[in-house]
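Chemist: To start, I am sharing the structure in question, which I have written as structure tokens.
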Amino acid sequence: YTSGTTGKPKGAVRDASKAGIGTLVELLRIVPFRRDDRHLVAAPLYHATGSGFLTVHVGLGSTIVMMDKFDPVEFLEIVDREKITTTALVPTMLRSVLMLPEKVRSKYDVSSMRIIICTGSALPEKLKEESRAYFGEVLYDLYGSTEMGWVTVATPEAQREKPGSIGKAVPGVDIVLLSEDRKIVGQGELGELYAKNKLLIEGYHKNDEATRNSLWNGYFSVGDLAVRDEKGYITLVDRKTDMVISGGMNIYPAEIELVLMGHPKVHEVGVIGIADEHWGEALLACVVAKAGQSITEDELTDFCRKSLAGYKIPRRFELLEELPRNPTGKILKKELRAKYAAS
């Protein structure tokens with residue numbers, strides 16, 4: 001089942017036997033997992049991050065170490081004790097590890113770690129920098145989904161060459177970017193990302209309409225908007241359903257979230273559009289401050305002015321204790337929209 005961040009979770013029907021061993025070999029050309037790896041399963045097994053990379057390492061004959069439930073301190077304890085070499089995390093998990101006090105993190109030896117796959121949602125540049133400072137050059141930013149499997153990977157080298165991108169297509173994956181009228185767009189132009197590979201699902205369980213809306217000539221889309229440069233690097237812009245139209249202007253909340261995440265007092269943020277009589281929609285930023293920090297709307301507005309055009313600055317900020325998330329750590333913007341719809 002999908003994560004259900006934009007609606008109800010949908011059953012994803014897949015015949016995994018059709019993928020074949022070649023699909024794994026193609027991934028190994030980009031992410032160098034090995035037979036002698038010691039893989040830590042930290043993500044839930046009902047999620048593709050946990051089960052997918054468990055399957056990869058079982059296929060290789062690697063050693064598997066499993067956490068009963070994710071905890072950042074226990075994660076570091078296991079990495080140190082078991083000399084873990086690979087793991088797969090969602091950004092929320094990685095952030096919780098890196099937010100531990102330095103005096104806690106310094107107790108553990110993480111030098112055995114070779115590969116950290118991070119996937120499931122956008123990975124801010126700031127978090128990548130913090131990961132490099134603590135773990136070294138071991139972070140692989142993977143873009144994929146329950147429906148499509150792995151699609152692109154930003155290796156440590158790619159992250160240096162093209163900051164902010166999700167890397168290039170994994171060998172064996174073909175990507176097209178389509179306009180709203182489903183025409184292929186050119187380099188540097190915004191389009192909806194469609195992918196084709198041997199891991200694609202056959203469709204959504206008992207939901208023919210959703211299946212038809214997601215397919216195009218054998219390619220599948222989960223509604224993400226992206227651009228591709230002349231070297232083949234893909235940069236995500238936002239989820240199509242998250243786009244806000246304010247005063248006739250298309251605004252992508254992910255851009256505003258990345259700016260706000262750069263504020264030294266901000267822990268996390270979710271930007272949504274709410275109904276507005278004058279503008280059609282207005283931007284609302286739901287902000288969680290770092291522990292022990294207080295922050296004002298004026299501070300946030302002034303910070304945004306340094307990097308954003310006026311129409312992209314949220315017209316309202318809500319300071320929250322936490323953001324609603326699903327069990328795998330993805331922010332549930334549908335719950336934020338429901339909460340503030342009447343306001």
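Letters A, B, ... mark the chains of the structure tokens in the order given; residue numbers begin at 1 per chain; ligand numbers begin at 1, in order shown.
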List every residue of region 125-195 of chain A that has an atom at most 12 Å from any atom of region 73-88 of chain A, and for each one report the closest atom pair and its distance in Å to one decimal, counting only C-alpha atoms, with rows sorted by chain and then by increasing residue number, as JSON lines.
Modeler:
{"residue": "A:Tyr134", "atom": "CA", "partner": "A:Leu76", "partner_atom": "CA", "distance": 11.7}
{"residue": "A:Phe135", "atom": "CA", "partner": "A:Leu76", "partner_atom": "CA", "distance": 11.1}
{"residue": "A:Val138", "atom": "CA", "partner": "A:Thr86", "partner_atom": "CA", "distance": 9.1}
{"residue": "A:Leu139", "atom": "CA", "partner": "A:Ala88", "partner_atom": "CA", "distance": 9.8}
{"residue": "A:Tyr140", "atom": "CA", "partner": "A:Ala88", "partner_atom": "CA", "distance": 9.3}
{"residue": "A:Asp141", "atom": "CA", "partner": "A:Ala88", "partner_atom": "CA", "distance": 10.1}
{"residue": "A:Leu142", "atom": "CA", "partner": "A:Ala88", "partner_atom": "CA", "distance": 9.8}
Chemist: Leaving out Val185 (chain A) and any residue of its chain fewer than 4 positions from it, which residues lie within 12 Å of it when counting only C-alpha atoms, given as JSON, numbers by chain?
Modeler: {"A": [175, 176, 177, 178, 179, 180, 181, 189, 190, 191, 192, 193, 194, 225, 226, 227, 228, 229]}
Chemist: Quick one: contact table of region 195-313 of chain A to region 328-334 of chain A, 9 Å max, nearest atom pair and distance in Å to one decimal per residue, counting only C-alpha atoms, chain and number order, as CSV?
Modeler:
residue,atom,partner,partner_atom,distance
A:Asp242,CA,A:Lys333,CA,8.3
A:Gly270,CA,A:Lys333,CA,7.2
A:Val271,CA,A:Lys333,CA,8.1
A:Ile272,CA,A:Lys333,CA,7.0
Chemist: Would you give me, as a PyMOL selection string, the residues in region 221-254 of chain A that DSSP reads as strand (DSSP E)?
Modeler: chain A and resi 224-228+234-239+244-246+249-251
Chemist: Mind writing the picked residues with N, CA, C and O atoms as an mmCIF file, in the first residue's frame?
Modeler:
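Below is the file again-v4.cif, written as the result:
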data_model
loop_
_atom_site.group_PDB
_atom_site.id
_atom_site.type_symbol
_atom_site.label_atom_id
_atom_site.label_comp_id
_atom_site.auth_asym_id
_atom_site.auth_seq_id
_atom_site.Cartn_x
_atom_site.Cartn_y
_atom_site.Cartn_z
ATOM 1 N N ASP A 224 4.779 13.802 -9.276
ATOM 2 C CA ASP A 224 5.864 14.722 -8.940
ATOM 3 C C ASP A 224 6.265 15.559 -10.145
ATOM 4 O O ASP A 224 6.348 15.055 -11.269
ATOM 5 N N LEU A 225 6.536 16.830 -9.904
ATOM 6 C CA LEU A 225 6.981 17.756 -10.944
ATOM 7 C C LEU A 225 8.495 17.933 -10.846
ATOM 8 O O LEU A 225 9.052 18.018 -9.750
ATOM 9 N N ALA A 226 9.155 17.989 -11.990
ATOM 10 C CA ALA A 226 10.612 18.023 -11.996
ATOM 11 C C ALA A 226 11.131 18.713 -13.249
ATOM 12 O O ALA A 226 10.384 18.965 -14.207
ATOM 13 N N VAL A 227 12.432 19.009 -13.246
ATOM 14 C CA VAL A 227 13.142 19.494 -14.436
ATOM 15 C C VAL A 227 14.393 18.635 -14.605
ATOM 16 O O VAL A 227 14.898 18.050 -13.647
ATOM 17 N N ARG A 228 14.884 18.550 -15.863
ATOM 18 C CA ARG A 228 16.087 17.779 -16.158
ATOM 19 C C ARG A 228 17.068 18.668 -16.905
ATOM 20 O O ARG A 228 16.687 19.376 -17.841
ATOM 21 N N ILE A 234 18.145 15.187 -12.523
ATOM 22 C CA ILE A 234 16.731 15.490 -12.271
ATOM 23 C C ILE A 234 16.624 16.283 -10.971
ATOM 24 O O ILE A 234 17.209 15.900 -9.952
ATOM 25 N N THR A 235 15.876 17.372 -11.007
ATOM 26 C CA THR A 235 15.607 18.144 -9.796
ATOM 27 C C THR A 235 14.105 18.199 -9.574
ATOM 28 O O THR A 235 13.357 18.657 -10.440
ATOM 29 N N LEU A 236 13.662 17.703 -8.416
ATOM 30 C CA LEU A 236 12.241 17.753 -8.088
ATOM 31 C C LEU A 236 11.845 19.172 -7.721
ATOM 32 O O LEU A 236 12.589 19.889 -7.049
ATOM 33 N N VAL A 237 10.664 19.574 -8.151
ATOM 34 C CA VAL A 237 10.127 20.889 -7.812
ATOM 35 C C VAL A 237 9.082 20.767 -6.715
ATOM 36 O O VAL A 237 9.134 21.460 -5.703
ATOM 37 N N ASP A 238 8.129 19.855 -6.881
ATOM 38 C CA ASP A 238 7.113 19.627 -5.856
ATOM 39 C C ASP A 238 6.154 18.551 -6.338
ATOM 40 O O ASP A 238 6.198 18.125 -7.494
ATOM 41 N N ARG A 239 5.273 18.134 -5.448
ATOM 42 C CA ARG A 239 4.178 17.240 -5.803
ATOM 43 C C ARG A 239 3.081 18.070 -6.457
ATOM 44 O O ARG A 239 2.738 19.149 -5.974
ATOM 45 N N VAL A 244 0.243 25.489 -5.193
ATOM 46 C CA VAL A 244 -0.711 26.502 -4.757
ATOM 47 C C VAL A 244 -0.826 27.557 -5.857
ATOM 48 O O VAL A 244 0.189 28.002 -6.410
ATOM 49 N N ILE A 245 -2.056 27.952 -6.195
ATOM 50 C CA ILE A 245 -2.277 29.018 -7.175
ATOM 51 C C ILE A 245 -2.803 30.234 -6.422
ATOM 52 O O ILE A 245 -3.924 30.239 -5.916
ATOM 53 N N SER A 246 -1.956 31.252 -6.318
ATOM 54 C CA SER A 246 -2.298 32.459 -5.553
ATOM 55 C C SER A 246 -2.181 33.672 -6.463
ATOM 56 O O SER A 246 -1.102 33.935 -7.017
ATOM 57 N N MET A 249 -0.713 32.995 -9.850
ATOM 58 C CA MET A 249 0.679 32.529 -9.921
ATOM 59 C C MET A 249 0.793 31.120 -9.352
ATOM 60 O O MET A 249 0.240 30.821 -8.286
ATOM 61 N N ASN A 250 1.518 30.255 -10.072
ATOM 62 C CA ASN A 250 1.799 28.914 -9.563
ATOM 63 C C ASN A 250 2.939 28.987 -8.553
ATOM 64 O O ASN A 250 4.032 29.480 -8.873
ATOM 65 N N ILE A 251 2.701 28.481 -7.353
ATOM 66 C CA ILE A 251 3.707 28.508 -6.290
ATOM 67 C C ILE A 251 3.927 27.083 -5.809
ATOM 68 O O ILE A 251 2.970 26.345 -5.555
#
Chemist: Skip Ser145 (chain A) itself and residues of its chain fewer than 6 positions away, then list as a PyMOL selection string all residues within 12 Å of it, counting only C-alpha atoms.
Modeler: chain A and resi 1-4+12+47-49+52+119-121+151-152+194-195+199-201+220-224
Chemist: Next, dump the selected residues to file, keeping only N, CA and C atoms, as a PDB file, in the first residue's frame.
Modeler:
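Output contents, as saved in again.pdb:
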ATOM      1  N   TYR A   1       0.819  -1.202   0.000  1.00  0.00           N
ATOM      2  CA  TYR A   1       0.000   0.000   0.000  1.00  0.00           C
ATOM      3  C   TYR A   1       0.859   1.260   0.000  1.00  0.00           C
ATOM      4  N   THR A   2       0.358   2.297  -0.675  1.00  0.00           N
ATOM      5  CA  THR A   2       1.070   3.573  -0.735  1.00  0.00           C
ATOM      6  C   THR A   2       0.964   4.271   0.616  1.00  0.00           C
ATOM      7  N   SER A   3       1.695   5.379   0.759  1.00  0.00           N
ATOM      8  CA  SER A   3       1.754   6.071   2.047  1.00  0.00           C
ATOM      9  C   SER A   3       0.470   6.811   2.384  1.00  0.00           C
ATOM     10  N   GLY A   4      -0.291   7.213   1.377  1.00  0.00           N
ATOM     11  CA  GLY A   4      -1.536   7.904   1.640  1.00  0.00           C
ATOM     12  C   GLY A   4      -1.376   9.345   2.088  1.00  0.00           C
ATOM     13  N   ALA A  12      -1.036  -1.319  -4.194  1.00  0.00           N
ATOM     14  CA  ALA A  12      -0.159  -1.339  -5.372  1.00  0.00           C
ATOM     15  C   ALA A  12       0.107  -2.794  -5.758  1.00  0.00           C
ATOM     16  N   HIS A  47       6.911  -0.889   4.850  1.00  0.00           N
ATOM     17  CA  HIS A  47       7.241   0.219   3.953  1.00  0.00           C
ATOM     18  C   HIS A  47       8.314  -0.250   2.977  1.00  0.00           C
ATOM     19  N   ALA A  48       8.267   0.279   1.757  1.00  0.00           N
ATOM     20  CA  ALA A  48       9.196  -0.173   0.718  1.00  0.00           C
ATOM     21  C   ALA A  48      10.653   0.064   1.097  1.00  0.00           C
ATOM     22  N   THR A  49      10.923   1.088   1.910  1.00  0.00           N
ATOM     23  CA  THR A  49      12.306   1.347   2.325  1.00  0.00           C
ATOM     24  C   THR A  49      12.853   0.193   3.141  1.00  0.00           C
ATOM     25  N   GLY A  52      12.249  -3.323   0.936  1.00  0.00           N
ATOM     26  CA  GLY A  52      12.977  -3.343  -0.334  1.00  0.00           C
ATOM     27  C   GLY A  52      14.458  -3.612  -0.155  1.00  0.00           C
ATOM     28  N   THR A 119      15.523   7.883   1.576  1.00  0.00           N
ATOM     29  CA  THR A 119      14.469   7.943   0.584  1.00  0.00           C
ATOM     30  C   THR A 119      13.126   8.134   1.273  1.00  0.00           C
ATOM     31  N   GLY A 120      12.086   8.413   0.509  1.00  0.00           N
ATOM     32  CA  GLY A 120      10.746   8.527   1.066  1.00  0.00           C
ATOM     33  C   GLY A 120      10.172   9.927   1.011  1.00  0.00           C
ATOM     34  N   SER A 121      11.036  10.942   1.075  1.00  0.00           N
ATOM     35  CA  SER A 121      10.599  12.335   0.957  1.00  0.00           C
ATOM     36  C   SER A 121      11.825  13.180   0.661  1.00  0.00           C
ATOM     37  N   VAL A 151      14.084   4.882  -8.882  1.00  0.00           N
ATOM     38  CA  VAL A 151      14.045   5.609 -10.154  1.00  0.00           C
ATOM     39  C   VAL A 151      15.348   6.371 -10.391  1.00  0.00           C
ATOM     40  N   THR A 152      15.759   7.196  -9.442  1.00  0.00           N
ATOM     41  CA  THR A 152      17.027   7.921  -9.551  1.00  0.00           C
ATOM     42  C   THR A 152      17.807   7.781  -8.248  1.00  0.00           C
ATOM     43  N   TYR A 194       7.409  10.886 -15.273  1.00  0.00           N
ATOM     44  CA  TYR A 194       6.915   9.534 -15.560  1.00  0.00           C
ATOM     45  C   TYR A 194       8.125   8.626 -15.735  1.00  0.00           C
ATOM     46  N   ALA A 195       8.055   7.425 -15.163  1.00  0.00           N
ATOM     47  CA  ALA A 195       9.171   6.488 -15.261  1.00  0.00           C
ATOM     48  C   ALA A 195       8.682   5.134 -15.762  1.00  0.00           C
ATOM     49  N   LEU A 199      10.208  -2.655 -12.437  1.00  0.00           N
ATOM     50  CA  LEU A 199       9.626  -2.695 -11.095  1.00  0.00           C
ATOM     51  C   LEU A 199       8.246  -2.045 -11.023  1.00  0.00           C
ATOM     52  N   LEU A 200       7.762  -1.495 -12.127  1.00  0.00           N
ATOM     53  CA  LEU A 200       6.466  -0.821 -12.102  1.00  0.00           C
ATOM     54  C   LEU A 200       5.354  -1.771 -11.655  1.00  0.00           C
ATOM     55  N   ILE A 201       4.403  -1.212 -10.916  1.00  0.00           N
ATOM     56  CA  ILE A 201       3.247  -2.010 -10.536  1.00  0.00           C
ATOM     57  C   ILE A 201       2.331  -2.190 -11.746  1.00  0.00           C
ATOM     58  N   PHE A 220       4.799   5.378 -15.668  1.00  0.00           N
ATOM     59  CA  PHE A 220       3.961   5.591 -14.488  1.00  0.00           C
ATOM     60  C   PHE A 220       4.390   6.867 -13.771  1.00  0.00           C
ATOM     61  N   SER A 221       3.414   7.562 -13.194  1.00  0.00           N
ATOM     62  CA  SER A 221       3.686   8.789 -12.447  1.00  0.00           C
ATOM     63  C   SER A 221       2.982   8.761 -11.092  1.00  0.00           C
ATOM     64  N   VAL A 222       3.635   9.343 -10.084  1.00  0.00           N
ATOM     65  CA  VAL A 222       2.996   9.526  -8.780  1.00  0.00           C
ATOM     66  C   VAL A 222       2.708  11.012  -8.540  1.00  0.00           C
ATOM     67  N   GLY A 223       2.833  11.818  -9.618  1.00  0.00           N
ATOM     68  CA  GLY A 223       2.425  13.220  -9.532  1.00  0.00           C
ATOM     69  C   GLY A 223       3.507  14.198  -9.154  1.00  0.00           C
ATOM     70  N   ASP A 224       4.779  13.802  -9.276  1.00  0.00           N
ATOM     71  CA  ASP A 224       5.864  14.722  -8.940  1.00  0.00           C
ATOM     72  C   ASP A 224       6.265  15.559 -10.145  1.00  0.00           C
TER      73      ASP A 224
END
